[in-house]
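S.K.: Got a structure here, written out as structure tokens. Questions coming.
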Amino acid sequence: MSVTGQDLGAPTLEQVAALAGVSRATVSRVVNGSPKVLPDTVAAVNRAIVELGYVPNRAARALVTRRTDSVALVVPEPDSRVFSDPFFAGILRGVSMKLAPTSSQLVLLIQPAAGDDQRLLRYLRGGHVDGAIIVSHHGRDNVLQELAQLPLPIVFSARPLGVEVPVASVDVDNVAGARTAVEYLLSLGRRRIGTVTGPLDMTAGLDRLTGFKEVLAEAGLPADAIGYGDFTADGGEVAALQLFEDHPELDGLFVASDLMATAALRVLSQRGRRVPEDVAVVGFDDSVLATTTTPRLTTIRQPVEQLGARMAELVLAKIGGADLTSPEIFDTELIIRGSA
């Protein structure tokens, strides 16, 4: 009886072995990535797999390798934010790009039900994934310290607030990016500059506010015009409304995300303030939104897809046994358009 890809039913391990002229055990070792197989044998088995269209049984393979071939992307945010903020789409593209050529599939885990952090921990402890990437985490998340101490390869998207153990993380220099934005506003002759912050229980929110304050302090100017946002359009709108109600004299504005900056531009338009003639505005991200506003948004570019890709590279390296517990910091860049 011949063994071909035309036989009825899904191809089996035995059929691959017969076509390749090796034992079933040898095929199993090749499928599971064993280094104890000669290159010519590996090539013969792989040719048979391709010819037959054989797909390894993931469950059986996991029993042998103790791997699930899955990586979790954990985003402790509501789904409404995850699917509306271009930042998360960029991170997802970067992670997916690096995982695509590998055997690892991506599992997306968003904010659990209120008070149900333990459900996430049980899932990650339960052997369902080989590693995890934690994005957009807040200092209020009680689960952060426990996540950092899990016996699971984990990479964070920024240094997690309140975590005392060394962890692998990938981020941009948020302080430097904010400094660049405010220094640029000063270079335009603006002297009464305000900001709309991100959430201050997140590294990005705190660091961008720090950069804002540092530059104004060095220039001998007040840094009291602060609206407290949350990286959402609605939060940015509320913060900008209050900010310009309290400080109508502002002639410059640094907004800690492009999404909030789009809301701030609407607020200024509603108040009859021209951009950039009356108020120059600089955002942060250089997301797709920056090219859709009127005027187009001057902003600080962070390489979001590159951040996602690097986090994926690091978690794969950690899954492979690498001991990585240091932060990696990427540079930002000022992108000048029409708003400042």
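Lettering and numbering for the structure tokens are positional, with chains as A, B, ... in the shown order, residues counted from 1 in each chain, and ligands counted from 1 in the shown order.
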At a cut-off of 12 Å, using only C-alpha atoms, what residues contact stretch 146-151 of chain A? Leave out same-chain residues fewer than 3 positions from it and give the result as a compact mmCIF listing (two decimals) with N, CA, C and O atoms, in the first residue's frame.
M.R.:
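Full text of out07.txt as output:
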```txt
# COMPACT_ATOMS: atom_id res chain seq x y z
N VAL A 74 -1.07 40.16 27.96
CA VAL A 74 -1.97 40.54 29.04
C VAL A 74 -2.12 42.05 29.06
O VAL A 74 -1.14 42.78 29.22
N ASP A 117 -8.52 39.27 40.03
CA ASP A 117 -7.13 39.13 39.61
C ASP A 117 -6.64 37.69 39.75
O ASP A 117 -5.78 37.24 38.99
N GLN A 118 -7.15 36.99 40.74
CA GLN A 118 -6.68 35.63 40.98
C GLN A 118 -6.99 34.71 39.81
O GLN A 118 -6.29 33.72 39.58
N LEU A 120 -6.71 35.50 36.65
CA LEU A 120 -5.58 35.66 35.74
C LEU A 120 -4.37 34.89 36.24
O LEU A 120 -3.70 34.19 35.48
N LEU A 121 -4.08 35.02 37.53
CA LEU A 121 -2.93 34.32 38.09
C LEU A 121 -3.09 32.81 37.96
O LEU A 121 -2.12 32.10 37.63
N ARG A 122 -4.29 32.31 38.22
CA ARG A 122 -4.52 30.86 38.09
C ARG A 122 -4.27 30.41 36.66
O ARG A 122 -3.69 29.34 36.43
N TYR A 123 -4.72 31.23 35.70
CA TYR A 123 -4.52 30.88 34.29
C TYR A 123 -3.04 30.81 33.95
O TYR A 123 -2.56 29.87 33.31
N LEU A 124 -2.29 31.82 34.38
CA LEU A 124 -0.87 31.87 34.04
C LEU A 124 -0.08 30.81 34.80
O LEU A 124 0.92 30.30 34.28
N ARG A 125 -0.51 30.49 35.99
CA ARG A 125 0.17 29.44 36.75
C ARG A 125 -0.18 28.04 36.22
O ARG A 125 0.51 27.08 36.49
N GLY A 126 -1.29 27.93 35.50
CA GLY A 126 -1.84 26.64 35.15
C GLY A 126 -1.19 25.94 33.98
O GLY A 126 -1.69 24.91 33.52
N GLY A 127 -0.10 26.51 33.45
CA GLY A 127 0.59 25.85 32.34
C GLY A 127 -0.09 26.02 31.00
O GLY A 127 0.17 25.26 30.06
N VAL A 129 0.21 28.71 29.03
CA VAL A 129 1.08 29.46 28.14
C VAL A 129 2.53 29.26 28.57
O VAL A 129 2.81 28.94 29.72
N ASP A 130 3.44 29.50 27.63
CA ASP A 130 4.87 29.35 27.92
C ASP A 130 5.47 30.63 28.48
O ASP A 130 6.55 30.59 29.10
N GLY A 131 4.81 31.75 28.25
CA GLY A 131 5.32 33.03 28.73
C GLY A 131 4.26 34.09 28.54
O GLY A 131 3.20 33.84 27.95
N ALA A 132 4.53 35.30 29.06
CA ALA A 132 3.54 36.37 28.99
C ALA A 132 4.20 37.72 28.82
O ALA A 132 5.30 37.97 29.32
N ILE A 133 3.51 38.59 28.08
CA ILE A 133 3.89 39.99 27.91
C ILE A 133 2.80 40.82 28.60
O ILE A 133 1.62 40.67 28.29
N ILE A 134 3.19 41.68 29.54
CA ILE A 134 2.23 42.46 30.31
C ILE A 134 2.31 43.91 29.84
O ILE A 134 3.36 44.55 29.93
N HIS A 137 0.09 48.25 32.40
CA HIS A 137 -0.21 47.88 33.78
C HIS A 137 -0.22 49.11 34.68
O HIS A 137 0.51 50.07 34.46
N ASP A 141 -2.75 47.81 40.33
CA ASP A 141 -2.99 46.40 40.09
C ASP A 141 -2.29 45.57 41.16
O ASP A 141 -1.07 45.42 41.14
N ASN A 142 -3.06 45.02 42.09
CA ASN A 142 -2.48 44.22 43.16
C ASN A 142 -1.73 43.01 42.63
O ASN A 142 -0.87 42.44 43.30
N VAL A 143 -2.06 42.63 41.42
CA VAL A 143 -1.52 41.41 40.85
C VAL A 143 -0.08 41.60 40.34
O VAL A 143 0.62 40.62 40.09
N ILE A 154 8.28 36.27 31.81
CA ILE A 154 7.41 37.43 31.68
C ILE A 154 8.23 38.65 31.29
O ILE A 154 9.34 38.86 31.78
N VAL A 155 7.67 39.46 30.39
CA VAL A 155 8.26 40.74 30.00
C VAL A 155 7.19 41.82 30.18
O VAL A 155 6.05 41.63 29.76
N PHE A 156 7.56 42.94 30.79
CA PHE A 156 6.65 44.05 31.01
C PHE A 156 6.89 45.14 29.97
O PHE A 156 8.01 45.31 29.49
N ARG A 159 8.62 49.64 33.35
CA ARG A 159 8.92 49.18 34.70
C ARG A 159 7.63 49.19 35.52
O ARG A 159 6.91 50.19 35.56
N PRO A 160 7.28 48.07 36.13
CA PRO A 160 6.03 48.01 36.88
C PRO A 160 6.18 48.71 38.23
O PRO A 160 7.08 48.40 39.01
N LEU A 161 5.28 49.66 38.51
CA LEU A 161 5.35 50.40 39.75
C LEU A 161 5.07 49.48 40.94
O LEU A 161 4.16 48.66 40.91
N GLY A 162 5.89 49.64 41.98
CA GLY A 162 5.67 48.88 43.20
C GLY A 162 6.24 47.48 43.19
O GLY A 162 6.11 46.76 44.18
N VAL A 163 6.87 47.08 42.09
CA VAL A 163 7.47 45.75 42.02
C VAL A 163 8.92 45.84 42.45
O VAL A 163 9.70 46.62 41.90
N GLU A 164 9.29 45.02 43.41
CA GLU A 164 10.62 45.14 44.02
C GLU A 164 11.65 44.18 43.41
O GLU A 164 12.85 44.36 43.59
N VAL A 165 11.19 43.14 42.71
CA VAL A 165 12.14 42.19 42.13
C VAL A 165 12.54 42.66 40.74
O VAL A 165 11.76 43.34 40.06
N PRO A 166 13.76 42.34 40.28
CA PRO A 166 14.17 42.73 38.92
C PRO A 166 13.31 42.02 37.88
O PRO A 166 13.03 40.83 38.00
N VAL A 167 12.90 42.77 36.85
CA VAL A 167 12.09 42.20 35.78
C VAL A 167 12.60 42.70 34.43
O VAL A 167 13.22 43.76 34.34
N ALA A 168 12.33 41.94 33.39
CA ALA A 168 12.61 42.38 32.02
C ALA A 168 11.51 43.33 31.59
O ALA A 168 10.33 43.07 31.80
N SER A 169 11.90 44.46 30.99
CA SER A 169 10.90 45.43 30.52
C SER A 169 11.42 46.15 29.30
O SER A 169 12.63 46.23 29.07
N LYS A 318 13.48 34.28 26.91
CA LYS A 318 13.31 33.80 28.28
C LYS A 318 12.70 32.39 28.30
O LYS A 318 13.08 31.56 29.12
N ILE A 319 11.77 32.14 27.39
CA ILE A 319 11.21 30.79 27.28
C ILE A 319 12.32 29.79 26.93
O ILE A 319 12.31 28.65 27.40
N THR A 325 16.68 40.25 33.08
CA THR A 325 15.96 40.98 34.13
C THR A 325 16.27 42.48 34.10
O THR A 325 16.17 43.15 35.11
```
S.K.: Taking only residues of stretch 33-149 of chain A that have an atom at most 12 Å from an atom of stretch 229-238 of chain A, what is each one's shortest atom pair and its distance in Å to one decimal, using only C-alpha atoms, in chain and number order, as CSV?
M.R.:
```
residue,atom,partner,partner_atom,distance
A:Glu77,CA,A:Phe231,CA,11.2
A:Pro78,CA,A:Thr232,CA,11.2
A:Ser80,CA,A:Thr232,CA,10.0
A:Arg81,CA,A:Thr232,CA,7.3
A:Val82,CA,A:Thr232,CA,10.3
A:Phe83,CA,A:Thr232,CA,11.5
A:Ser84,CA,A:Thr232,CA,8.8
A:Asp85,CA,A:Thr232,CA,7.7
A:Pro86,CA,A:Thr232,CA,11.0
A:Phe87,CA,A:Phe231,CA,10.2
A:Phe88,CA,A:Phe231,CA,11.8
A:Ser136,CA,A:Phe231,CA,10.5
A:His138,CA,A:Asp230,CA,11.1
```
S.K.: Among the residues of stretch 77-315 of chain A, find those DSSP assigns to alpha helix (DSSP H) from the backbone and print them as a compact mmCIF listing (two decimals) with C-alpha atoms, in the first residue's frame.
M.R.:
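Writing done, so here's selection_4.txt:
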```txt
# COMPACT_ATOMS: atom_id res chain seq x y z
CA ASP A 79 -11.93 46.05 26.01
CA SER A 80 -13.38 49.44 25.00
CA ARG A 81 -9.94 50.98 25.46
CA VAL A 82 -7.94 48.09 24.01
CA PRO A 86 -4.02 52.81 18.29
CA PHE A 87 -1.23 52.16 20.79
CA PHE A 88 -2.53 48.66 21.49
CA ALA A 89 -2.95 47.89 17.79
CA GLY A 90 0.70 48.84 17.25
CA ILE A 91 1.89 46.66 20.12
CA LEU A 92 -0.19 43.76 18.80
CA ARG A 93 1.26 44.14 15.29
CA GLY A 94 4.80 44.13 16.65
CA VAL A 95 4.25 41.07 18.85
CA SER A 96 2.46 39.17 16.08
CA MET A 97 5.21 39.97 13.58
CA LYS A 98 7.82 38.29 15.78
CA LEU A 99 5.70 35.31 16.76
CA ASP A 117 -7.13 39.13 39.61
CA GLN A 118 -6.68 35.63 40.98
CA ARG A 119 -8.37 34.21 37.90
CA LEU A 120 -5.58 35.66 35.74
CA LEU A 121 -2.93 34.32 38.09
CA ARG A 122 -4.52 30.86 38.09
CA TYR A 123 -4.52 30.88 34.29
CA LEU A 124 -0.87 31.87 34.04
CA ARG A 125 0.17 29.44 36.75
CA VAL A 143 -1.52 41.41 40.85
CA LEU A 144 1.71 43.07 39.57
CA GLN A 145 4.00 41.89 42.36
CA GLU A 146 2.58 38.37 42.09
CA LEU A 147 2.98 38.40 38.31
CA ALA A 148 6.61 39.45 38.62
CA ASN A 174 9.24 59.04 28.55
CA VAL A 175 10.98 61.75 30.57
CA ALA A 176 13.20 62.69 27.62
CA GLY A 177 10.25 62.61 25.23
CA ALA A 178 8.24 64.98 27.40
CA ARG A 179 11.25 67.25 27.81
CA THR A 180 11.64 67.42 24.02
CA ALA A 181 7.97 68.39 23.63
CA VAL A 182 8.10 71.20 26.20
CA GLU A 183 11.49 72.47 25.01
CA TYR A 184 10.04 72.73 21.51
CA LEU A 185 7.08 74.75 22.78
CA LEU A 186 9.52 77.08 24.57
CA SER A 187 11.52 77.43 21.35
CA THR A 203 5.11 54.74 34.53
CA ALA A 204 4.34 56.63 31.31
CA GLY A 205 1.98 59.05 33.06
CA LEU A 206 4.42 59.79 35.86
CA ASP A 207 7.51 60.10 33.67
CA ARG A 208 5.88 62.39 31.08
CA LEU A 209 4.70 64.69 33.87
CA THR A 210 8.21 64.65 35.33
CA GLY A 211 9.73 65.76 32.01
CA PHE A 212 7.15 68.56 31.71
CA LYS A 213 7.93 69.86 35.20
CA GLU A 214 11.70 69.60 34.81
CA VAL A 215 11.89 71.78 31.70
CA LEU A 216 9.62 74.50 33.07
CA ALA A 217 11.52 74.56 36.36
CA GLU A 218 14.80 74.97 34.49
CA ALA A 233 -10.37 60.52 24.55
CA ASP A 234 -13.10 61.10 27.12
CA GLY A 235 -10.59 61.56 29.91
CA GLY A 236 -8.55 63.92 27.77
CA GLU A 237 -11.62 66.02 26.98
CA VAL A 238 -12.63 66.36 30.63
CA ALA A 239 -9.06 67.25 31.65
CA ALA A 240 -8.65 69.80 28.84
CA LEU A 241 -12.01 71.47 29.59
CA GLN A 242 -11.06 71.93 33.23
CA LEU A 243 -7.53 73.00 32.38
CA PHE A 244 -8.61 75.83 30.07
CA GLU A 245 -11.38 76.82 32.46
CA ASP A 246 -8.77 77.27 35.19
CA ASP A 258 -2.29 61.52 20.79
CA LEU A 259 -5.72 60.15 21.67
CA MET A 260 -6.13 62.74 24.42
CA ALA A 261 -4.61 65.42 22.17
CA THR A 262 -7.38 64.91 19.59
CA ALA A 263 -9.89 65.65 22.37
CA ALA A 264 -7.90 68.70 23.48
CA LEU A 265 -7.96 70.06 19.91
CA ARG A 266 -11.76 69.76 19.89
CA VAL A 267 -11.98 71.60 23.21
CA LEU A 268 -9.82 74.44 21.89
CA SER A 269 -11.94 74.69 18.75
CA GLN A 270 -15.11 74.86 20.84
CA VAL A 304 5.28 51.20 19.18
CA GLU A 305 5.57 48.27 16.77
CA GLN A 306 9.28 48.00 17.53
CA LEU A 307 8.47 47.91 21.26
CA GLY A 308 6.01 45.07 20.71
CA ALA A 309 8.46 43.17 18.55
CA ARG A 310 11.23 43.52 21.12
CA MET A 311 9.00 42.34 23.95
CA ALA A 312 8.15 39.27 21.88
CA GLU A 313 11.84 38.62 21.20
CA LEU A 314 12.65 38.86 24.89
CA VAL A 315 9.85 36.58 26.05
```
S.K.: One decimal, in Å: what's the spacing between atom CA of A:Thr41 and atom CA of A:Thr102?
M.R.: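 Taking atom CA of A:Thr41 and atom CA of A:Thr102, their separation equals 21.5 Å.
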S.K.: Check the smallest atom-to-atom distance from each of A:Gly338, A:Gly53, A:Gly272, A:Pro153 to A:Leu297 using only C-alpha atoms, then report the winner.
M.R.: A:Gly338
S.K.: When DSSP is applied to the backbone of this structure, which of stretch 87-249 of chain A are assigned strand (DSSP E or B)? Write them out as a list in words.
M.R.: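 For stretch 87-249 of chain A, the strand (DSSP E or B) set is Gln105, Leu106, Val107, Leu108, Leu109, Ile110, Gly131, Ala132, Ile133, Ile134, Ile154, Val155, Phe156, Ala168, Ser169, Val170, Asp171, Val172, Ile193, Gly194, Thr195, Val196, Thr197, Ile226, Gly227 and Tyr228 of chain A.
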S.K.: Grab the residues selected above and save them as a PDB file, in the first residue's frame with N, CA and C atoms.
M.R.:
```pdb
ATOM      1  N   GLN A 105       1.704  30.659  19.279  1.00  0.00           N
ATOM      2  CA  GLN A 105       0.511  31.427  18.963  1.00  0.00           C
ATOM      3  C   GLN A 105       0.252  32.431  20.089  1.00  0.00           C
ATOM      4  N   LEU A 106      -0.513  33.469  19.773  1.00  0.00           N
ATOM      5  CA  LEU A 106      -0.759  34.553  20.714  1.00  0.00           C
ATOM      6  C   LEU A 106      -2.131  34.392  21.355  1.00  0.00           C
ATOM      7  N   VAL A 107      -2.158  34.565  22.681  1.00  0.00           N
ATOM      8  CA  VAL A 107      -3.401  34.541  23.443  1.00  0.00           C
ATOM      9  C   VAL A 107      -3.582  35.916  24.069  1.00  0.00           C
ATOM     10  N   LEU A 108      -4.703  36.593  23.765  1.00  0.00           N
ATOM     11  CA  LEU A 108      -4.954  37.928  24.293  1.00  0.00           C
ATOM     12  C   LEU A 108      -5.813  37.836  25.541  1.00  0.00           C
ATOM     13  N   LEU A 109      -5.313  38.393  26.647  1.00  0.00           N
ATOM     14  CA  LEU A 109      -6.047  38.422  27.908  1.00  0.00           C
ATOM     15  C   LEU A 109      -6.248  39.878  28.303  1.00  0.00           C
ATOM     16  N   ILE A 110      -7.502  40.336  28.352  1.00  0.00           N
ATOM     17  CA  ILE A 110      -7.771  41.710  28.741  1.00  0.00           C
ATOM     18  C   ILE A 110      -8.291  41.744  30.163  1.00  0.00           C
ATOM     19  N   GLY A 131       4.815  31.755  28.249  1.00  0.00           N
ATOM     20  CA  GLY A 131       5.321  33.031  28.728  1.00  0.00           C
ATOM     21  C   GLY A 131       4.255  34.094  28.544  1.00  0.00           C
ATOM     22  N   ALA A 132       4.530  35.301  29.062  1.00  0.00           N
ATOM     23  CA  ALA A 132       3.535  36.370  28.991  1.00  0.00           C
ATOM     24  C   ALA A 132       4.199  37.721  28.819  1.00  0.00           C
ATOM     25  N   ILE A 133       3.505  38.589  28.077  1.00  0.00           N
ATOM     26  CA  ILE A 133       3.889  39.989  27.913  1.00  0.00           C
ATOM     27  C   ILE A 133       2.802  40.819  28.596  1.00  0.00           C
ATOM     28  N   ILE A 134       3.190  41.680  29.536  1.00  0.00           N
ATOM     29  CA  ILE A 134       2.230  42.465  30.312  1.00  0.00           C
ATOM     30  C   ILE A 134       2.310  43.913  29.843  1.00  0.00           C
ATOM     31  N   ILE A 154       8.285  36.268  31.811  1.00  0.00           N
ATOM     32  CA  ILE A 154       7.408  37.432  31.679  1.00  0.00           C
ATOM     33  C   ILE A 154       8.229  38.646  31.287  1.00  0.00           C
ATOM     34  N   VAL A 155       7.665  39.460  30.389  1.00  0.00           N
ATOM     35  CA  VAL A 155       8.263  40.745  30.004  1.00  0.00           C
ATOM     36  C   VAL A 155       7.191  41.819  30.181  1.00  0.00           C
ATOM     37  N   PHE A 156       7.561  42.940  30.794  1.00  0.00           N
ATOM     38  CA  PHE A 156       6.646  44.054  31.012  1.00  0.00           C
ATOM     39  C   PHE A 156       6.891  45.142  29.967  1.00  0.00           C
ATOM     40  N   ALA A 168      12.326  41.935  33.394  1.00  0.00           N
ATOM     41  CA  ALA A 168      12.614  42.379  32.023  1.00  0.00           C
ATOM     42  C   ALA A 168      11.514  43.333  31.588  1.00  0.00           C
ATOM     43  N   SER A 169      11.895  44.460  30.994  1.00  0.00           N
ATOM     44  CA  SER A 169      10.903  45.428  30.524  1.00  0.00           C
ATOM     45  C   SER A 169      11.421  46.154  29.301  1.00  0.00           C
ATOM     46  N   VAL A 170      10.473  46.687  28.519  1.00  0.00           N
ATOM     47  CA  VAL A 170      10.801  47.435  27.300  1.00  0.00           C
ATOM     48  C   VAL A 170       9.944  48.699  27.295  1.00  0.00           C
ATOM     49  N   ASP A 171      10.572  49.853  27.083  1.00  0.00           N
ATOM     50  CA  ASP A 171       9.827  51.113  27.106  1.00  0.00           C
ATOM     51  C   ASP A 171      10.609  52.153  26.331  1.00  0.00           C
ATOM     52  N   VAL A 172      10.011  53.338  26.193  1.00  0.00           N
ATOM     53  CA  VAL A 172      10.732  54.491  25.660  1.00  0.00           C
ATOM     54  C   VAL A 172      11.159  55.384  26.821  1.00  0.00           C
ATOM     55  N   ILE A 193       2.664  77.357  29.569  1.00  0.00           N
ATOM     56  CA  ILE A 193       2.465  76.016  29.010  1.00  0.00           C
ATOM     57  C   ILE A 193       1.794  75.112  30.046  1.00  0.00           C
ATOM     58  N   GLY A 194       0.780  74.395  29.600  1.00  0.00           N
ATOM     59  CA  GLY A 194       0.105  73.425  30.456  1.00  0.00           C
ATOM     60  C   GLY A 194       0.265  72.022  29.919  1.00  0.00           C
ATOM     61  N   THR A 195      -0.258  71.057  30.653  1.00  0.00           N
ATOM     62  CA  THR A 195      -0.189  69.668  30.215  1.00  0.00           C
ATOM     63  C   THR A 195      -1.454  68.924  30.593  1.00  0.00           C
ATOM     64  N   VAL A 196      -1.795  67.931  29.789  1.00  0.00           N
ATOM     65  CA  VAL A 196      -2.790  66.921  30.151  1.00  0.00           C
ATOM     66  C   VAL A 196      -2.010  65.629  30.350  1.00  0.00           C
ATOM     67  N   THR A 197      -2.039  65.089  31.557  1.00  0.00           N
ATOM     68  CA  THR A 197      -1.217  63.936  31.901  1.00  0.00           C
ATOM     69  C   THR A 197      -1.909  62.625  31.528  1.00  0.00           C
ATOM     70  N   ILE A 226      -1.988  71.901  35.158  1.00  0.00           N
ATOM     71  CA  ILE A 226      -1.974  70.449  34.943  1.00  0.00           C
ATOM     72  C   ILE A 226      -3.410  69.917  34.940  1.00  0.00           C
ATOM     73  N   GLY A 227      -3.767  69.238  33.855  1.00  0.00           N
ATOM     74  CA  GLY A 227      -5.039  68.528  33.791  1.00  0.00           C
ATOM     75  C   GLY A 227      -4.756  67.040  33.856  1.00  0.00           C
ATOM     76  N   TYR A 228      -5.488  66.328  34.673  1.00  0.00           N
ATOM     77  CA  TYR A 228      -5.189  64.922  34.922  1.00  0.00           C
ATOM     78  C   TYR A 228      -6.075  64.024  34.054  1.00  0.00           C
TER      79      TYR A 228
END
```
S.K.: Counting only C-alpha atoms, figure out which residue out of A:Ser339, A:Gln15, A:Asn32, A:Ser70 gets nearest to A:Leu52.
M.R.: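 Nearest candidate to A:Leu52 out of A:Ser339, A:Gln15, A:Asn32, A:Ser70: A:Gln15.
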S.K.: Might you pull out every residue within 7 Å of stretch 273-279 of chain A, with only C-alpha atoms counted and same-chain residues fewer than 5 positions away left off, and present them as number ranges by chain?
M.R.: A: 250-253, 268, 339-340
S.K.: Print the selection's residues with all heavy atoms to a file, as a short mmCIF file (atom, residue, chain, number, x, y, z; two decimals), in the first residue's frame.
M.R.:
```cif
data_model
loop_
_atom_site.label_atom_id
_atom_site.label_comp_id
_atom_site.auth_asym_id
_atom_site.auth_seq_id
_atom_site.Cartn_x
_atom_site.Cartn_y
_atom_site.Cartn_z
N LEU A 250 -3.29 80.04 28.79
CA LEU A 250 -2.29 79.12 28.24
C LEU A 250 -2.06 79.38 26.75
O LEU A 250 -3.01 79.56 25.99
CB LEU A 250 -2.72 77.67 28.44
CG LEU A 250 -2.80 77.15 29.88
CD1 LEU A 250 -3.23 75.70 29.89
CD2 LEU A 250 -1.47 77.32 30.59
N ASP A 251 -0.78 79.36 26.36
CA ASP A 251 -0.45 79.50 24.93
C ASP A 251 0.31 78.29 24.40
O ASP A 251 0.71 78.25 23.23
CB ASP A 251 0.35 80.78 24.67
CG ASP A 251 1.69 80.82 25.40
OD1 ASP A 251 2.04 79.84 26.09
OD2 ASP A 251 2.40 81.85 25.28
N GLY A 252 0.50 77.29 25.24
CA GLY A 252 1.15 76.05 24.82
C GLY A 252 0.59 74.89 25.62
O GLY A 252 0.20 75.05 26.77
N LEU A 253 0.51 73.71 24.98
CA LEU A 253 -0.06 72.55 25.65
C LEU A 253 0.68 71.29 25.23
O LEU A 253 0.80 71.00 24.03
CB LEU A 253 -1.55 72.40 25.30
CG LEU A 253 -2.29 71.23 25.95
CD1 LEU A 253 -2.37 71.40 27.46
CD2 LEU A 253 -3.69 71.08 25.35
N LEU A 268 -10.33 73.12 22.29
CA LEU A 268 -9.82 74.44 21.89
C LEU A 268 -10.67 75.03 20.78
O LEU A 268 -10.97 76.24 20.79
CB LEU A 268 -8.36 74.32 21.45
CG LEU A 268 -7.36 74.09 22.59
CD1 LEU A 268 -6.01 73.64 22.04
CD2 LEU A 268 -7.20 75.36 23.41
N SER A 339 0.23 71.57 14.32
CA SER A 339 -0.36 72.06 15.57
C SER A 339 0.61 72.83 16.44
O SER A 339 0.19 73.45 17.44
CB SER A 339 -0.96 70.89 16.37
OG SER A 339 0.08 70.04 16.84
N ALA A 340 1.89 72.82 16.08
CA ALA A 340 2.89 73.58 16.85
C ALA A 340 4.14 73.78 15.99
O ALA A 340 4.42 72.99 15.10
CB ALA A 340 3.26 72.82 18.12
#
```
S.K.: Name the closest residue to A:Arg337 among the candidates A:Leu221, A:Met202, A:Val22, A:Val281; distances are taken between atoms, counting only C-alpha atoms.
M.R.: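 Among A:Leu221, A:Met202, A:Val22, A:Val281, it is A:Val281 that comes nearest to A:Arg337.
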S.K.: Please provide the set of residues having any atom within 7 Å of A:Val45, restricted to only C-alpha atoms, with same-chain residues fewer than 4 positions apart removed, written as a VMD selection string.
M.R.: chain A and resid 16 20 27 41 49
